[in-house]
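Accompanying notes for the structure given below.
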Amino acid sequence: MGEETGTKPMSPRDLRVSDAEREHVVEVLQKAIGRGMIDLDEFTERTDTALAARTRGELNAVLADLPGLVHPDVYPAAPAASYSSDQRLELNAKYSALVRNGRWLVPPEVVVRNRYGSTKLDFSDAQVSSPVVRVELDCKWGSVEVIIPEHAAVDLNAITEIKYGSLQDKTGSDGRPGNPRLVFAGRLHGGSLVIRHPRRGIFGL
């Protein structure tokens with residue numbers, strides 16, 4: 001009995017995970033909530049589990065029931081590659097707040113469906129995969145806030161309807177050259193769209 005102790009090969013599931021792997025799984029969960037696969041409460045619960053995970057088996061458990069988002073026990077060297085084939089991202093906010101910020105990957109097309117909720121898209125540090133990004137709005141009684149870097153620009157000509165709502169472009173970049181160029185389309189019904197640059201601190205930081 002004693003000779004067998006410790007001789008069993010270690011499973012990849014038992015290997016320790018790094019902070020980078022935990023953060024990658026949180027990004028995958030953000031993708032899942034954007035697709036409507038999990039709700040805000042599930043996202044919060046799974047994120048807490050992922051950040052507390054010590055092994056790859058524990059970390060993968062939060063992704064096990066998400067079709068198309070399950071990763072092998074051994075994580076690839078470049079986790080961001082899992083996003084490379086995506087051309088469209090759908091974000092759904094219903095009676096809740098949905099935020100995308102930090103280094104999130106932006107595909108060529110983003111759809112924002114907002115019902116009595118709020119959506120905040122911060123492109124300041126985002127990884128944009130194409131020079132032009134189409135942002136399709138389907139918002140009813142909800143608010144959308146978009147933050148773009150100084151070198152970016154917007155095109156608002158394709159917005160077909162604003163009813164009982166408002167649109168504020170605080171960047172003044174509509175129609176001028178910029179990279180990336182965010183082309184907004186769709187409709188706002190009883191909601192608001194605000195586009196602004198990042199806020200600077202009191203000391204310009």
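Quick note on naming: the chains in the structure tokens go A, B, ... in the order shown, residues restart at 1 in each chain, and ligands are numbered from 1 in order of appearance.
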
request  = Skip A:Glu27 itself and residues of its chain fewer than 2 positions away, then list as a VMD selection string all residues within 12 Å of it, counting only C-alpha atoms.
outcome  = chain A and resid 20 to 25 29 to 34 43 46 to 47 50 to 51 63 69 79 to 80 82 to 83 99 to 105

task = Determine which residues of stretch 6-204 of chain A DSSP labels as strand (DSSP E or B) from the backbone of this structure, then write them out as JSON, numbers by chain.
result = {"A": [16, 55, 88, 89, 90, 91, 92, 93, 94, 97, 98, 99, 100, 105, 106, 109, 110, 111, 112, 113, 114, 115, 118, 119, 120, 121, 122, 127, 128, 132, 133, 134, 135, 136, 137, 138, 139, 140, 143, 144, 145, 146, 147, 153, 154, 155, 156, 157, 158, 159, 160, 161, 162, 163, 166, 167, 168, 169, 181, 182, 183, 184, 185, 186, 187, 188, 189, 192, 193, 194, 195, 196]}

message = With distances taken over only C-alpha atoms, which residue among A:Gly186, A:Pro149, A:Pro177, A:Gly191 lies nearest A:Tyr164?
response =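 Using only C-alpha atoms, A:Tyr164 sits closest to A:Gly191.
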
request  = Pick out the residues sitting within 12 Å of stretch 121-127 of chain A, and hand them over as a ChimeraX atom specification; count only C-alpha atoms, and ignore anything fewer than 6 positions along from it in its own chain.
outcome  = /A:34,80,83-84,91,97-108,110-112,133,135,143-153,179-182,193-199

request  = Name the residues of stretch 25-165 of chain A that come out as alpha helix (DSSP H) in a backbone DSSP run; write them as a VMD selection string.
outcome  = chain A and resid 25 to 34 40 to 52 56 to 61

Resulting file, chosen residues, N, CA and C atoms, as a PDB file, in the first residue's frame:
```
ATOM      1  N   VAL A  25     -10.755  33.138 -17.781  1.00  0.00           N
ATOM      2  CA  VAL A  25     -12.065  32.518 -17.591  1.00  0.00           C
ATOM      3  C   VAL A  25     -13.119  33.573 -17.279  1.00  0.00           C
ATOM      4  N   VAL A  26     -12.756  34.601 -16.530  1.00  0.00           N
ATOM      5  CA  VAL A  26     -13.698  35.699 -16.264  1.00  0.00           C
ATOM      6  C   VAL A  26     -14.085  36.378 -17.576  1.00  0.00           C
ATOM      7  N   GLU A  27     -13.127  36.554 -18.492  1.00  0.00           N
ATOM      8  CA  GLU A  27     -13.425  37.143 -19.798  1.00  0.00           C
ATOM      9  C   GLU A  27     -14.387  36.247 -20.588  1.00  0.00           C
ATOM     10  N   VAL A  28     -14.192  34.930 -20.482  1.00  0.00           N
ATOM     11  CA  VAL A  28     -15.098  33.998 -21.155  1.00  0.00           C
ATOM     12  C   VAL A  28     -16.503  34.103 -20.564  1.00  0.00           C
ATOM     13  N   LEU A  29     -16.599  34.278 -19.256  1.00  0.00           N
ATOM     14  CA  LEU A  29     -17.907  34.443 -18.612  1.00  0.00           C
ATOM     15  C   LEU A  29     -18.573  35.741 -19.055  1.00  0.00           C
ATOM     16  N   GLN A  30     -17.761  36.788 -19.256  1.00  0.00           N
ATOM     17  CA  GLN A  30     -18.316  38.041 -19.776  1.00  0.00           C
ATOM     18  C   GLN A  30     -18.908  37.829 -21.164  1.00  0.00           C
ATOM     19  N   LYS A  31     -18.237  37.000 -21.937  1.00  0.00           N
ATOM     20  CA  LYS A  31     -18.721  36.668 -23.274  1.00  0.00           C
ATOM     21  C   LYS A  31     -20.048  35.907 -23.180  1.00  0.00           C
ATOM     22  N   ALA A  32     -20.148  35.015 -22.206  1.00  0.00           N
ATOM     23  CA  ALA A  32     -21.366  34.224 -22.025  1.00  0.00           C
ATOM     24  C   ALA A  32     -22.551  35.095 -21.627  1.00  0.00           C
ATOM     25  N   ILE A  33     -22.313  36.071 -20.752  1.00  0.00           N
ATOM     26  CA  ILE A  33     -23.422  36.948 -20.353  1.00  0.00           C
ATOM     27  C   ILE A  33     -23.827  37.835 -21.521  1.00  0.00           C
ATOM     28  N   GLY A  34     -22.852  38.204 -22.348  1.00  0.00           N
ATOM     29  CA  GLY A  34     -23.162  39.003 -23.528  1.00  0.00           C
ATOM     30  C   GLY A  34     -24.029  38.261 -24.527  1.00  0.00           C
ATOM     31  N   LEU A  40     -26.977  37.888 -14.801  1.00  0.00           N
ATOM     32  CA  LEU A  40     -26.029  38.664 -14.002  1.00  0.00           C
ATOM     33  C   LEU A  40     -25.686  37.968 -12.689  1.00  0.00           C
ATOM     34  N   ASP A  41     -26.698  37.335 -12.054  1.00  0.00           N
ATOM     35  CA  ASP A  41     -26.439  36.631 -10.788  1.00  0.00           C
ATOM     36  C   ASP A  41     -25.507  35.441 -11.002  1.00  0.00           C
ATOM     37  N   GLU A  42     -25.745  34.697 -12.089  1.00  0.00           N
ATOM     38  CA  GLU A  42     -24.877  33.557 -12.387  1.00  0.00           C
ATOM     39  C   GLU A  42     -23.461  34.019 -12.700  1.00  0.00           C
ATOM     40  N   PHE A  43     -23.364  35.131 -13.421  1.00  0.00           N
ATOM     41  CA  PHE A  43     -22.043  35.675 -13.749  1.00  0.00           C
ATOM     42  C   PHE A  43     -21.272  36.017 -12.477  1.00  0.00           C
ATOM     43  N   THR A  44     -21.941  36.667 -11.540  1.00  0.00           N
ATOM     44  CA  THR A  44     -21.300  37.053 -10.280  1.00  0.00           C
ATOM     45  C   THR A  44     -20.848  35.818  -9.502  1.00  0.00           C
ATOM     46  N   GLU A  45     -21.732  34.824  -9.410  1.00  0.00           N
ATOM     47  CA  GLU A  45     -21.413  33.598  -8.663  1.00  0.00           C
ATOM     48  C   GLU A  45     -20.249  32.843  -9.313  1.00  0.00           C
ATOM     49  N   ARG A  46     -20.286  32.723 -10.624  1.00  0.00           N
ATOM     50  CA  ARG A  46     -19.235  31.981 -11.326  1.00  0.00           C
ATOM     51  C   ARG A  46     -17.911  32.728 -11.308  1.00  0.00           C
ATOM     52  N   THR A  47     -17.984  34.049 -11.372  1.00  0.00           N
ATOM     53  CA  THR A  47     -16.754  34.835 -11.299  1.00  0.00           C
ATOM     54  C   THR A  47     -16.079  34.653  -9.944  1.00  0.00           C
ATOM     55  N   ASP A  48     -16.872  34.667  -8.887  1.00  0.00           N
ATOM     56  CA  ASP A  48     -16.313  34.435  -7.541  1.00  0.00           C
ATOM     57  C   ASP A  48     -15.652  33.066  -7.466  1.00  0.00           C
ATOM     58  N   THR A  49     -16.304  32.051  -8.047  1.00  0.00           N
ATOM     59  CA  THR A  49     -15.744  30.701  -8.041  1.00  0.00           C
ATOM     60  C   THR A  49     -14.443  30.644  -8.828  1.00  0.00           C
ATOM     61  N   ALA A  50     -14.427  31.296 -10.003  1.00  0.00           N
ATOM     62  CA  ALA A  50     -13.233  31.285 -10.853  1.00  0.00           C
ATOM     63  C   ALA A  50     -12.056  31.958 -10.165  1.00  0.00           C
ATOM     64  N   LEU A  51     -12.309  33.090  -9.533  1.00  0.00           N
ATOM     65  CA  LEU A  51     -11.225  33.825  -8.880  1.00  0.00           C
ATOM     66  C   LEU A  51     -10.681  33.090  -7.656  1.00  0.00           C
ATOM     67  N   ALA A  52     -11.506  32.193  -7.091  1.00  0.00           N
ATOM     68  CA  ALA A  52     -11.068  31.438  -5.920  1.00  0.00           C
ATOM     69  C   ALA A  52     -10.478  30.076  -6.296  1.00  0.00           C
ATOM     70  N   ARG A  56      -7.009  23.609 -12.273  1.00  0.00           N
ATOM     71  CA  ARG A  56      -7.672  23.764 -13.558  1.00  0.00           C
ATOM     72  C   ARG A  56      -9.022  23.062 -13.584  1.00  0.00           C
ATOM     73  N   GLY A  57      -9.147  21.987 -12.817  1.00  0.00           N
ATOM     74  CA  GLY A  57     -10.426  21.303 -12.723  1.00  0.00           C
ATOM     75  C   GLY A  57     -11.491  22.204 -12.102  1.00  0.00           C
ATOM     76  N   GLU A  58     -11.127  22.892 -11.020  1.00  0.00           N
ATOM     77  CA  GLU A  58     -12.056  23.815 -10.367  1.00  0.00           C
ATOM     78  C   GLU A  58     -12.399  24.974 -11.301  1.00  0.00           C
ATOM     79  N   LEU A  59     -11.403  25.441 -12.040  1.00  0.00           N
ATOM     80  CA  LEU A  59     -11.615  26.587 -12.919  1.00  0.00           C
ATOM     81  C   LEU A  59     -12.529  26.224 -14.082  1.00  0.00           C
ATOM     82  N   ASN A  60     -12.327  25.040 -14.646  1.00  0.00           N
ATOM     83  CA  ASN A  60     -13.147  24.608 -15.777  1.00  0.00           C
ATOM     84  C   ASN A  60     -14.590  24.319 -15.389  1.00  0.00           C
ATOM     85  N   ALA A  61     -14.822  24.065 -14.095  1.00  0.00           N
ATOM     86  CA  ALA A  61     -16.173  23.719 -13.653  1.00  0.00           C
ATOM     87  C   ALA A  61     -17.171  24.836 -13.941  1.00  0.00           C
TER      88      ALA A  61
END
```

key: A:Asp174 environment, 9 Å, only C-alpha atoms, sequence neighbours closer than 6 positions dropped, as a PyMOL selection string   = chain A and resi 153-157

Could you please take those selected residues and save N, CA and C atoms as a PDB file, in the first residue's frame?
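Below you can see selection_9.pdb, which holds the result:
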```pdb
ATOM      1  N   ALA A 153     -13.399  57.652 -33.799  1.00  0.00           N
ATOM      2  CA  ALA A 153     -14.463  58.514 -34.304  1.00  0.00           C
ATOM      3  C   ALA A 153     -15.745  57.715 -34.426  1.00  0.00           C
ATOM      4  N   VAL A 154     -16.857  58.412 -34.552  1.00  0.00           N
ATOM      5  CA  VAL A 154     -18.148  57.748 -34.674  1.00  0.00           C
ATOM      6  C   VAL A 154     -18.863  58.208 -35.937  1.00  0.00           C
ATOM      7  N   ASP A 155     -19.820  57.393 -36.360  1.00  0.00           N
ATOM      8  CA  ASP A 155     -20.701  57.703 -37.481  1.00  0.00           C
ATOM      9  C   ASP A 155     -22.112  57.354 -37.033  1.00  0.00           C
ATOM     10  N   LEU A 156     -22.958  58.359 -36.932  1.00  0.00           N
ATOM     11  CA  LEU A 156     -24.301  58.167 -36.378  1.00  0.00           C
ATOM     12  C   LEU A 156     -25.387  58.183 -37.446  1.00  0.00           C
ATOM     13  N   ASN A 157     -25.009  58.209 -38.712  1.00  0.00           N
ATOM     14  CA  ASN A 157     -25.980  58.370 -39.789  1.00  0.00           C
ATOM     15  C   ASN A 157     -26.916  57.185 -39.959  1.00  0.00           C
TER      16      ASN A 157
END
```
